[in-house]
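**Q** PDB, N, CA and C atoms and all ligand atoms, file data.pdb:
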```pdb
MODEL        1
ATOM      1  N   MET H  16     183.788 114.227 101.091  1.00  0.00           N
ATOM      2  CA  MET H  16     184.088 114.869 102.363  1.00  0.00           C
ATOM      3  C   MET H  16     183.790 113.921 103.520  1.00  0.00           C
ATOM      4  N   THR H  17     184.600 113.984 104.528  1.00  0.00           N
ATOM      5  CA  THR H  17     184.386 113.125 105.696  1.00  0.00           C
ATOM      6  C   THR H  17     183.063 113.443 106.377  1.00  0.00           C
ATOM      7  N   GLU H  18     182.373 112.404 106.726  1.00  0.00           N
ATOM      8  CA  GLU H  18     181.141 112.605 107.472  1.00  0.00           C
ATOM      9  C   GLU H  18     181.140 111.704 108.692  1.00  0.00           C
ATOM     10  N   ILE H  19     180.492 112.171 109.744  1.00  0.00           N
ATOM     11  CA  ILE H  19     180.356 111.369 110.953  1.00  0.00           C
ATOM     12  C   ILE H  19     178.872 111.301 111.295  1.00  0.00           C
ATOM     13  N   GLU H  20     178.524 110.415 112.194  1.00  0.00           N
ATOM     14  CA  GLU H  20     177.142 110.340 112.644  1.00  0.00           C
ATOM     15  C   GLU H  20     177.062 110.737 114.104  1.00  0.00           C
ATOM     16  N   ARG H  21     176.119 111.623 114.399  1.00  0.00           N
ATOM     17  CA  ARG H  21     175.950 112.090 115.764  1.00  0.00           C
ATOM     18  C   ARG H  21     174.468 112.249 116.062  1.00  0.00           C
ATOM     19  N   GLU H  22     174.169 112.221 117.354  1.00  0.00           N
ATOM     20  CA  GLU H  22     172.818 112.531 117.796  1.00  0.00           C
ATOM     21  C   GLU H  22     172.669 114.050 117.745  1.00  0.00           C
ATOM     22  N   CYS H  23     171.703 114.536 116.960  1.00  0.00           N
ATOM     23  CA  CYS H  23     171.509 115.985 116.862  1.00  0.00           C
ATOM     24  C   CYS H  23     170.403 116.418 117.823  1.00  0.00           C
ATOM     25  N   PRO H  24     170.704 117.355 118.728  1.00  0.00           N
ATOM     26  CA  PRO H  24     169.709 117.789 119.720  1.00  0.00           C
ATOM     27  C   PRO H  24     168.578 118.594 119.093  1.00  0.00           C
ATOM     28  N   THR H  25     168.818 119.178 117.936  1.00  0.00           N
ATOM     29  CA  THR H  25     167.779 119.955 117.258  1.00  0.00           C
ATOM     30  C   THR H  25     166.841 119.035 116.486  1.00  0.00           C
ATOM     31  N   CYS H  26     167.409 118.057 115.789  1.00  0.00           N
ATOM     32  CA  CYS H  26     166.602 117.097 115.031  1.00  0.00           C
ATOM     33  C   CYS H  26     166.028 116.017 115.956  1.00  0.00           C
ATOM     34  N   ARG H  27     166.647 115.837 117.094  1.00  0.00           N
ATOM     35  CA  ARG H  27     166.271 114.774 118.035  1.00  0.00           C
ATOM     36  C   ARG H  27     166.390 113.385 117.406  1.00  0.00           C
ATOM     37  N   SER H  28     167.385 113.209 116.594  1.00  0.00           N
ATOM     38  CA  SER H  28     167.638 111.904 115.994  1.00  0.00           C
ATOM     39  C   SER H  28     169.092 111.854 115.532  1.00  0.00           C
ATOM     40  N   ARG H  29     169.522 110.667 115.104  1.00  0.00           N
ATOM     41  CA  ARG H  29     170.889 110.540 114.595  1.00  0.00           C
ATOM     42  C   ARG H  29     170.966 111.124 113.199  1.00  0.00           C
ATOM     43  N   GLN H  30     171.986 111.941 112.967  1.00  0.00           N
ATOM     44  CA  GLN H  30     172.138 112.593 111.671  1.00  0.00           C
ATOM     45  C   GLN H  30     173.581 112.524 111.228  1.00  0.00           C
ATOM     46  N   ARG H  31     173.773 112.729 109.922  1.00  0.00           N
ATOM     47  CA  ARG H  31     175.134 112.856 109.417  1.00  0.00           C
ATOM     48  C   ARG H  31     175.629 114.268 109.672  1.00  0.00           C
ATOM     49  N   PHE H  32     176.880 114.366 110.059  1.00  0.00           N
ATOM     50  CA  PHE H  32     177.524 115.654 110.283  1.00  0.00           C
ATOM     51  C   PHE H  32     178.700 115.780 109.331  1.00  0.00           C
ATOM     52  N   ARG H  33     178.948 116.981 108.894  1.00  0.00           N
ATOM     53  CA  ARG H  33     180.149 117.249 108.117  1.00  0.00           C
ATOM     54  C   ARG H  33     180.858 118.455 108.727  1.00  0.00           C
ATOM     55  N   ARG H  34     182.131 118.599 108.372  1.00  0.00           N
ATOM     56  CA  ARG H  34     182.906 119.707 108.895  1.00  0.00           C
ATOM     57  C   ARG H  34     182.356 121.044 108.397  1.00  0.00           C
ATOM     58  N   LEU H  35     182.468 122.085 109.204  1.00  0.00           N
ATOM     59  CA  LEU H  35     182.045 123.410 108.758  1.00  0.00           C
ATOM     60  C   LEU H  35     182.907 123.860 107.590  1.00  0.00           C
ATOM     61  N   ASN H  36     182.287 124.531 106.622  1.00  0.00           N
ATOM     62  CA  ASN H  36     183.080 125.106 105.541  1.00  0.00           C
ATOM     63  C   ASN H  36     183.598 126.482 105.990  1.00  0.00           C
ATOM     64  N   ALA H  37     184.357 127.129 105.108  1.00  0.00           N
ATOM     65  CA  ALA H  37     185.020 128.388 105.486  1.00  0.00           C
ATOM     66  C   ALA H  37     184.019 129.469 105.872  1.00  0.00           C
ATOM     67  N   ALA H  38     182.925 129.560 105.143  1.00  0.00           N
ATOM     68  CA  ALA H  38     181.918 130.591 105.426  1.00  0.00           C
ATOM     69  C   ALA H  38     181.281 130.359 106.794  1.00  0.00           C
ATOM     70  N   GLU H  39     181.025 129.095 107.098  1.00  0.00           N
ATOM     71  CA  GLU H  39     180.421 128.766 108.388  1.00  0.00           C
ATOM     72  C   GLU H  39     181.392 129.031 109.534  1.00  0.00           C
ATOM     73  N   GLN H  40     182.648 128.683 109.305  1.00  0.00           N
ATOM     74  CA  GLN H  40     183.661 128.942 110.335  1.00  0.00           C
ATOM     75  C   GLN H  40     183.780 130.436 110.610  1.00  0.00           C
ATOM     76  N   ALA H  41     183.714 131.240 109.550  1.00  0.00           N
ATOM     77  CA  ALA H  41     183.809 132.693 109.707  1.00  0.00           C
ATOM     78  C   ALA H  41     182.624 133.214 110.518  1.00  0.00           C
ATOM     79  N   ALA H  42     181.454 132.654 110.269  1.00  0.00           N
ATOM     80  CA  ALA H  42     180.256 133.082 110.994  1.00  0.00           C
ATOM     81  C   ALA H  42     180.363 132.736 112.473  1.00  0.00           C
ATOM     82  N   VAL H  43     180.922 131.567 112.772  1.00  0.00           N
ATOM     83  CA  VAL H  43     181.091 131.157 114.161  1.00  0.00           C
ATOM     84  C   VAL H  43     182.097 132.072 114.861  1.00  0.00           C
ATOM     85  N   ARG H  44     183.168 132.394 114.148  1.00  0.00           N
ATOM     86  CA  ARG H  44     184.174 133.298 114.723  1.00  0.00           C
ATOM     87  C   ARG H  44     183.579 134.663 115.024  1.00  0.00           C
ATOM     88  N   GLU H  45     182.687 135.108 114.158  1.00  0.00           N
ATOM     89  CA  GLU H  45     182.066 136.404 114.351  1.00  0.00           C
ATOM     90  C   GLU H  45     181.253 136.424 115.649  1.00  0.00           C
ATOM     91  N   LYS H  46     180.649 135.293 115.921  1.00  0.00           N
ATOM     92  CA  LYS H  46     179.800 135.200 117.107  1.00  0.00           C
ATOM     93  C   LYS H  46     180.612 134.912 118.369  1.00  0.00           C
ATOM     94  N   LYS H  47     181.595 134.029 118.248  1.00  0.00           N
ATOM     95  CA  LYS H  47     182.322 133.564 119.440  1.00  0.00           C
ATOM     96  C   LYS H  47     183.627 134.299 119.686  1.00  0.00           C
ATOM     97  N   GLY H  48     184.067 135.074 118.708  1.00  0.00           N
ATOM     98  CA  GLY H  48     185.326 135.777 118.865  1.00  0.00           C
ATOM     99  C   GLY H  48     186.405 135.172 117.998  1.00  0.00           C
ATOM    100  N   PRO H  49     187.387 135.983 117.573  1.00  0.00           N
ATOM    101  CA  PRO H  49     188.409 135.551 116.617  1.00  0.00           C
ATOM    102  C   PRO H  49     189.314 134.440 117.146  1.00  0.00           C
ATOM    103  N   ARG H  50     189.358 134.277 118.457  1.00  0.00           N
ATOM    104  CA  ARG H  50     190.231 133.242 119.022  1.00  0.00           C
ATOM    105  C   ARG H  50     189.533 131.899 119.164  1.00  0.00           C
ATOM    106  N   PHE H  51     188.276 131.865 118.908  1.00  0.00           N
ATOM    107  CA  PHE H  51     187.529 130.618 119.052  1.00  0.00           C
ATOM    108  C   PHE H  51     188.034 129.591 118.049  1.00  0.00           C
ATOM    109  N   PHE H  52     188.318 128.381 118.511  1.00  0.00           N
ATOM    110  CA  PHE H  52     188.866 127.349 117.630  1.00  0.00           C
ATOM    111  C   PHE H  52     187.759 126.712 116.793  1.00  0.00           C
ATOM    112  N   VAL H  53     187.827 126.906 115.473  1.00  0.00           N
ATOM    113  CA  VAL H  53     186.757 126.418 114.602  1.00  0.00           C
ATOM    114  C   VAL H  53     187.203 125.239 113.727  1.00  0.00           C
ATOM    115  N   GLY H  54     188.436 124.745 113.981  1.00  0.00           N
ATOM    116  CA  GLY H  54     188.974 123.697 113.127  1.00  0.00           C
ATOM    117  C   GLY H  54     188.370 122.318 113.340  1.00  0.00           C
ATOM    118  N   ASN H  55     187.622 122.159 114.408  1.00  0.00           N
ATOM    119  CA  ASN H  55     187.090 120.834 114.715  1.00  0.00           C
ATOM    120  C   ASN H  55     185.581 120.884 114.961  1.00  0.00           C
ATOM    121  N   LEU H  56     184.898 121.713 114.188  1.00  0.00           N
ATOM    122  CA  LEU H  56     183.455 121.855 114.349  1.00  0.00           C
ATOM    123  C   LEU H  56     182.731 121.145 113.216  1.00  0.00           C
ATOM    124  N   TRP H  57     181.639 120.500 113.572  1.00  0.00           N
ATOM    125  CA  TRP H  57     180.856 119.725 112.608  1.00  0.00           C
ATOM    126  C   TRP H  57     179.417 120.191 112.648  1.00  0.00           C
ATOM    127  N   ARG H  58     178.769 120.205 111.484  1.00  0.00           N
ATOM    128  CA  ARG H  58     177.371 120.616 111.499  1.00  0.00           C
ATOM    129  C   ARG H  58     176.476 119.496 111.005  1.00  0.00           C
ATOM    130  N   CYS H  59     175.264 119.511 111.494  1.00  0.00           N
ATOM    131  CA  CYS H  59     174.252 118.551 111.081  1.00  0.00           C
ATOM    132  C   CYS H  59     173.860 118.844 109.635  1.00  0.00           C
ATOM    133  N   THR H  60     173.786 117.811 108.819  1.00  0.00           N
ATOM    134  CA  THR H  60     173.475 118.030 107.403  1.00  0.00           C
ATOM    135  C   THR H  60     171.988 117.876 107.105  1.00  0.00           C
ATOM    136  N   ALA H  61     171.186 117.674 108.124  1.00  0.00           N
ATOM    137  CA  ALA H  61     169.745 117.563 107.884  1.00  0.00           C
ATOM    138  C   ALA H  61     169.196 118.877 107.341  1.00  0.00           C
ATOM    139  N   GLU H  62     168.149 118.771 106.546  1.00  0.00           N
ATOM    140  CA  GLU H  62     167.564 119.951 105.926  1.00  0.00           C
ATOM    141  C   GLU H  62     167.094 120.946 106.979  1.00  0.00           C
ATOM    142  N   LYS H  63     167.443 122.202 106.795  1.00  0.00           N
ATOM    143  CA  LYS H  63     167.012 123.310 107.647  1.00  0.00           C
ATOM    144  C   LYS H  63     167.545 123.231 109.073  1.00  0.00           C
ATOM    145  N   CYS H  64     168.524 122.415 109.306  1.00  0.00           N
ATOM    146  CA  CYS H  64     169.104 122.323 110.648  1.00  0.00           C
ATOM    147  C   CYS H  64     170.357 123.182 110.727  1.00  0.00           C
ATOM    148  N   LEU H  65     170.489 123.931 111.805  1.00  0.00           N
ATOM    149  CA  LEU H  65     171.615 124.854 111.964  1.00  0.00           C
ATOM    150  C   LEU H  65     172.572 124.411 113.064  1.00  0.00           C
ATOM    151  N   TRP H  66     172.357 123.220 113.578  1.00  0.00           N
ATOM    152  CA  TRP H  66     173.178 122.765 114.700  1.00  0.00           C
ATOM    153  C   TRP H  66     174.620 122.461 114.289  1.00  0.00           C
ATOM    154  N   TYR H  67     175.562 122.888 115.118  1.00  0.00           N
ATOM    155  CA  TYR H  67     176.955 122.483 114.941  1.00  0.00           C
ATOM    156  C   TYR H  67     177.551 122.220 116.321  1.00  0.00           C
ATOM    157  N   GLN H  68     178.610 121.456 116.343  1.00  0.00           N
ATOM    158  CA  GLN H  68     179.253 121.114 117.616  1.00  0.00           C
ATOM    159  C   GLN H  68     180.676 120.652 117.377  1.00  0.00           C
ATOM    160  N   PRO H  69     181.510 120.717 118.438  1.00  0.00           N
ATOM    161  CA  PRO H  69     182.831 120.093 118.337  1.00  0.00           C
ATOM    162  C   PRO H  69     182.681 118.588 118.119  1.00  0.00           C
ATOM    163  N   TYR H  70     183.720 117.964 117.613  1.00  0.00           N
ATOM    164  CA  TYR H  70     183.670 116.550 117.245  1.00  0.00           C
ATOM    165  C   TYR H  70     183.015 115.664 118.307  1.00  0.00           C
ATOM    166  N   LEU H  71     183.438 115.818 119.539  1.00  0.00           N
ATOM    167  CA  LEU H  71     182.937 114.928 120.590  1.00  0.00           C
ATOM    168  C   LEU H  71     182.039 115.599 121.616  1.00  0.00           C
ATOM    169  N   ASN H  72     182.015 116.917 121.624  1.00  0.00           N
ATOM    170  CA  ASN H  72     181.379 117.609 122.742  1.00  0.00           C
ATOM    171  C   ASN H  72     180.086 118.323 122.359  1.00  0.00           C
ATOM    172  N   ARG H  73     178.985 117.606 122.506  1.00  0.00           N
ATOM    173  CA  ARG H  73     177.701 118.188 122.137  1.00  0.00           C
ATOM    174  C   ARG H  73     177.341 119.364 123.048  1.00  0.00           C
ATOM    175  N   GLY H  74     177.854 119.332 124.269  1.00  0.00           N
ATOM    176  CA  GLY H  74     177.560 120.402 125.216  1.00  0.00           C
ATOM    177  C   GLY H  74     178.114 121.746 124.785  1.00  0.00           C
ATOM    178  N   LYS H  75     179.079 121.725 123.858  1.00  0.00           N
ATOM    179  CA  LYS H  75     179.661 122.983 123.407  1.00  0.00           C
ATOM    180  C   LYS H  75     179.163 123.385 122.028  1.00  0.00           C
ATOM    181  N   GLY H  76     178.106 122.728 121.579  1.00  0.00           N
ATOM    182  CA  GLY H  76     177.554 123.081 120.283  1.00  0.00           C
ATOM    183  C   GLY H  76     176.690 124.322 120.345  1.00  0.00           C
ATOM    184  N   ASP H  77     176.274 124.783 119.170  1.00  0.00           N
ATOM    185  CA  ASP H  77     175.449 125.994 119.078  1.00  0.00           C
ATOM    186  C   ASP H  77     174.765 125.988 117.711  1.00  0.00           C
ATOM    187  N   LEU H  78     174.052 127.049 117.416  1.00  0.00           N
ATOM    188  CA  LEU H  78     173.370 127.131 116.127  1.00  0.00           C
ATOM    189  C   LEU H  78     174.045 128.154 115.222  1.00  0.00           C
ATOM    190  N   LEU H  79     174.112 127.831 113.944  1.00  0.00           N
ATOM    191  CA  LEU H  79     174.648 128.769 112.954  1.00  0.00           C
ATOM    192  C   LEU H  79     173.622 129.877 112.710  1.00  0.00           C
ATOM    193  N   PRO H  80     174.059 131.009 112.150  1.00  0.00           N
ATOM    194  CA  PRO H  80     173.109 132.078 111.815  1.00  0.00           C
ATOM    195  C   PRO H  80     172.043 131.592 110.823  1.00  0.00           C
ATOM    196  N   GLU H  81     170.901 132.229 110.850  1.00  0.00           N
ATOM    197  CA  GLU H  81     169.782 131.848 109.988  1.00  0.00           C
ATOM    198  C   GLU H  81     170.154 131.808 108.506  1.00  0.00           C
ATOM    199  N   SER H  82     171.119 132.619 108.129  1.00  0.00           N
ATOM    200  CA  SER H  82     171.493 132.696 106.708  1.00  0.00           C
ATOM    201  C   SER H  82     172.001 131.368 106.163  1.00  0.00           C
ATOM    202  N   PHE H  83     172.376 130.448 107.051  1.00  0.00           N
ATOM    203  CA  PHE H  83     172.882 129.151 106.592  1.00  0.00           C
ATOM    204  C   PHE H  83     171.784 128.092 106.524  1.00  0.00           C
ATOM    205  N   ARG H  84     170.597 128.470 106.894  1.00  0.00           N
ATOM    206  CA  ARG H  84     169.506 127.512 106.875  1.00  0.00           C
ATOM    207  C   ARG H  84     169.144 127.169 105.425  1.00  0.00           C
ATOM    208  N   GLY H  85     168.957 125.874 105.154  1.00  0.00           N
ATOM    209  CA  GLY H  85     168.494 125.489 103.828  1.00  0.00           C
ATOM    210  C   GLY H  85     169.570 125.371 102.780  1.00  0.00           C
ATOM    211  N   GLU H  86     170.809 125.671 103.159  1.00  0.00           N
ATOM    212  CA  GLU H  86     171.916 125.570 102.211  1.00  0.00           C
ATOM    213  C   GLU H  86     172.059 124.157 101.654  1.00  0.00           C
ATOM    214  N   GLU H  87     171.813 123.172 102.502  1.00  0.00           N
ATOM    215  CA  GLU H  87     171.999 121.779 102.096  1.00  0.00           C
ATOM    216  C   GLU H  87     171.009 121.321 101.029  1.00  0.00           C
ATOM    217  N   THR H  88     169.912 122.036 100.882  1.00  0.00           N
ATOM    218  CA  THR H  88     168.916 121.614  99.891  1.00  0.00           C
ATOM    219  C   THR H  88     169.476 121.748  98.477  1.00  0.00           C
ATOM    220  N   ALA H  89     170.505 122.546  98.330  1.00  0.00           N
ATOM    221  CA  ALA H  89     171.109 122.753  97.012  1.00  0.00           C
ATOM    222  C   ALA H  89     171.775 121.479  96.496  1.00  0.00           C
ATOM    223  N   THR H  90     172.058 120.557  97.368  1.00  0.00           N
ATOM    224  CA  THR H  90     172.769 119.339  96.951  1.00  0.00           C
ATOM    225  C   THR H  90     171.816 118.260  96.432  1.00  0.00           C
ATOM    226  N   LYS H  91     170.540 118.513  96.477  1.00  0.00           N
ATOM    227  CA  LYS H  91     169.564 117.521  96.030  1.00  0.00           C
ATOM    228  C   LYS H  91     169.663 117.272  94.530  1.00  0.00           C
TER     229      LYS H  91
HETATM  230 ZN    ZN H 101     170.119 118.409 113.052  1.00  0.00          ZN
ENDMDL
END
```
For this file, write the structure as structure tokens.

**A**
Amino acid sequence: MTEIERECPTCRSRQRFRRLNAAEQAAVREKKGPRFFVGNLWRCTAEKCLWYQPYLNRGKGDLLPESFRGEETATK
């Protein structure tokens, strides 16, 4: 899967980001509304981090619901 590197405001360091999966996109839509564009959102892959943002715009990022916390630990 494509990954990018971004400064994560939650981790306060540079982290790898990957695109939101379908479940994450659905959660964002639930919060932001069905018209919210979720096709270009990336999330921080650091452990226990819920930060996501548009590809270039950190100012428009937000946090995923708590239920997505720790999901990345499964890949260890
Ligand atoms: Zn992070």

**Q** If you count only N, CA and C atoms, which residues fall within 7 Å of range 42-53 of chain H, apart from same-chain ones fewer than 3 positions away, as a list in words?

**A** Ala37, Ala38, Glu39, Leu56, Leu79 and Pro80 of chain H

**Q** Quick one: everything within 7 Å of Glu18 in chain H, counting only N, CA and C atoms, minus sequence neighbours fewer than 6 positions away in the same chain. Send it as a list in words.

**A** Arg31, Phe32, Arg33 and Arg34 of chain H

**Q** Once you count all atoms listed in the file, which residues end up within 5 Å of ligand ZN 101 (chain H), and could you hand them over as JSON, numbers by chain?

**A** {"H": [23, 25, 26, 59, 64]}

**Q** Padding of 4 Å on every side, edges along x, y and z, all listed atoms of range 49-65 of chain H included: what centre and edge lengths in Å, to one decimal, does that box have, as JSON?

**A**
```
{"center_x": 178.6, "center_y": 126.8, "center_z": 112.5, "size_x": 31.2, "size_y": 26.4, "size_z": 21.2}
```

**Q** As number ranges by chain, which residues of range 18-87 of chain H does DSSP assign to alpha helix (DSSP H)?

**A** H: 37-47

**Q** I'd like to know which residues of range 36-85 of chain H are strand (DSSP E or B) (by DSSP, run on the backbone); could you write them as a list in words?

**A**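 In range 36-85 of chain H, DSSP puts these residues in strand (DSSP E or B): Leu56, Trp57, Arg58, Cys59, Trp66, Tyr67, Gln68, Pro69, Asp77 and Leu78 of chain H.
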
**Q** Could you jot down the CA of Arg84 in chain H to CA of Leu71 in chain H separation for me, Å, one decimal place?

**A**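 CA of Leu71 in chain H lies 23.0 Å from CA of Arg84 in chain H.
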
**Q** For Glu62 in chain H, which residue out of H:Ser28, H:Asn36, H:Gly85, H:Ile19 is the nearest one, using all atoms listed in the file?

**A**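 Among H:Ser28, H:Asn36, H:Gly85, H:Ile19, it is H:Gly85 that comes nearest to Glu62 in chain H.
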
**Q** Show me, as a ChimeraX atom specification, the residues that have an atom within 7 Å of Tyr70 in chain H when counting all atoms listed in the file, minus same-chain residues fewer than 2 positions from it.

**A** /H:55-57,68,72-73

**Q** Would you mind listing what lies within 6.5 Å of Asp77 in chain H as a VMD selection string, with all atoms listed in the file counted and same-chain residues fewer than 3 positions away left out?

**A** chain H and resid 65 to 68

**Q** Go ahead and write the residues just picked, N, CA and C atoms, as a short mmCIF file (atom, residue, chain, number, x, y, z; two decimals), keeping the file's coordinate frame.

**A**
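Okay, this is what ended up in part.cif:
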```cif
data_model
loop_
_atom_site.label_atom_id
_atom_site.label_comp_id
_atom_site.auth_asym_id
_atom_site.auth_seq_id
_atom_site.Cartn_x
_atom_site.Cartn_y
_atom_site.Cartn_z
N LEU H 65 170.49 123.93 111.80
CA LEU H 65 171.62 124.85 111.96
C LEU H 65 172.57 124.41 113.06
N TRP H 66 172.36 123.22 113.58
CA TRP H 66 173.18 122.76 114.70
C TRP H 66 174.62 122.46 114.29
N TYR H 67 175.56 122.89 115.12
CA TYR H 67 176.96 122.48 114.94
C TYR H 67 177.55 122.22 116.32
N GLN H 68 178.61 121.46 116.34
CA GLN H 68 179.25 121.11 117.62
C GLN H 68 180.68 120.65 117.38
#
```

**Q** Using all atoms listed in the file, which of the listed residues (H:Leu35, H:Gly76, H:Phe83, H:Gln30) sits closest to Thr60 in chain H?

**A** H:Gln30
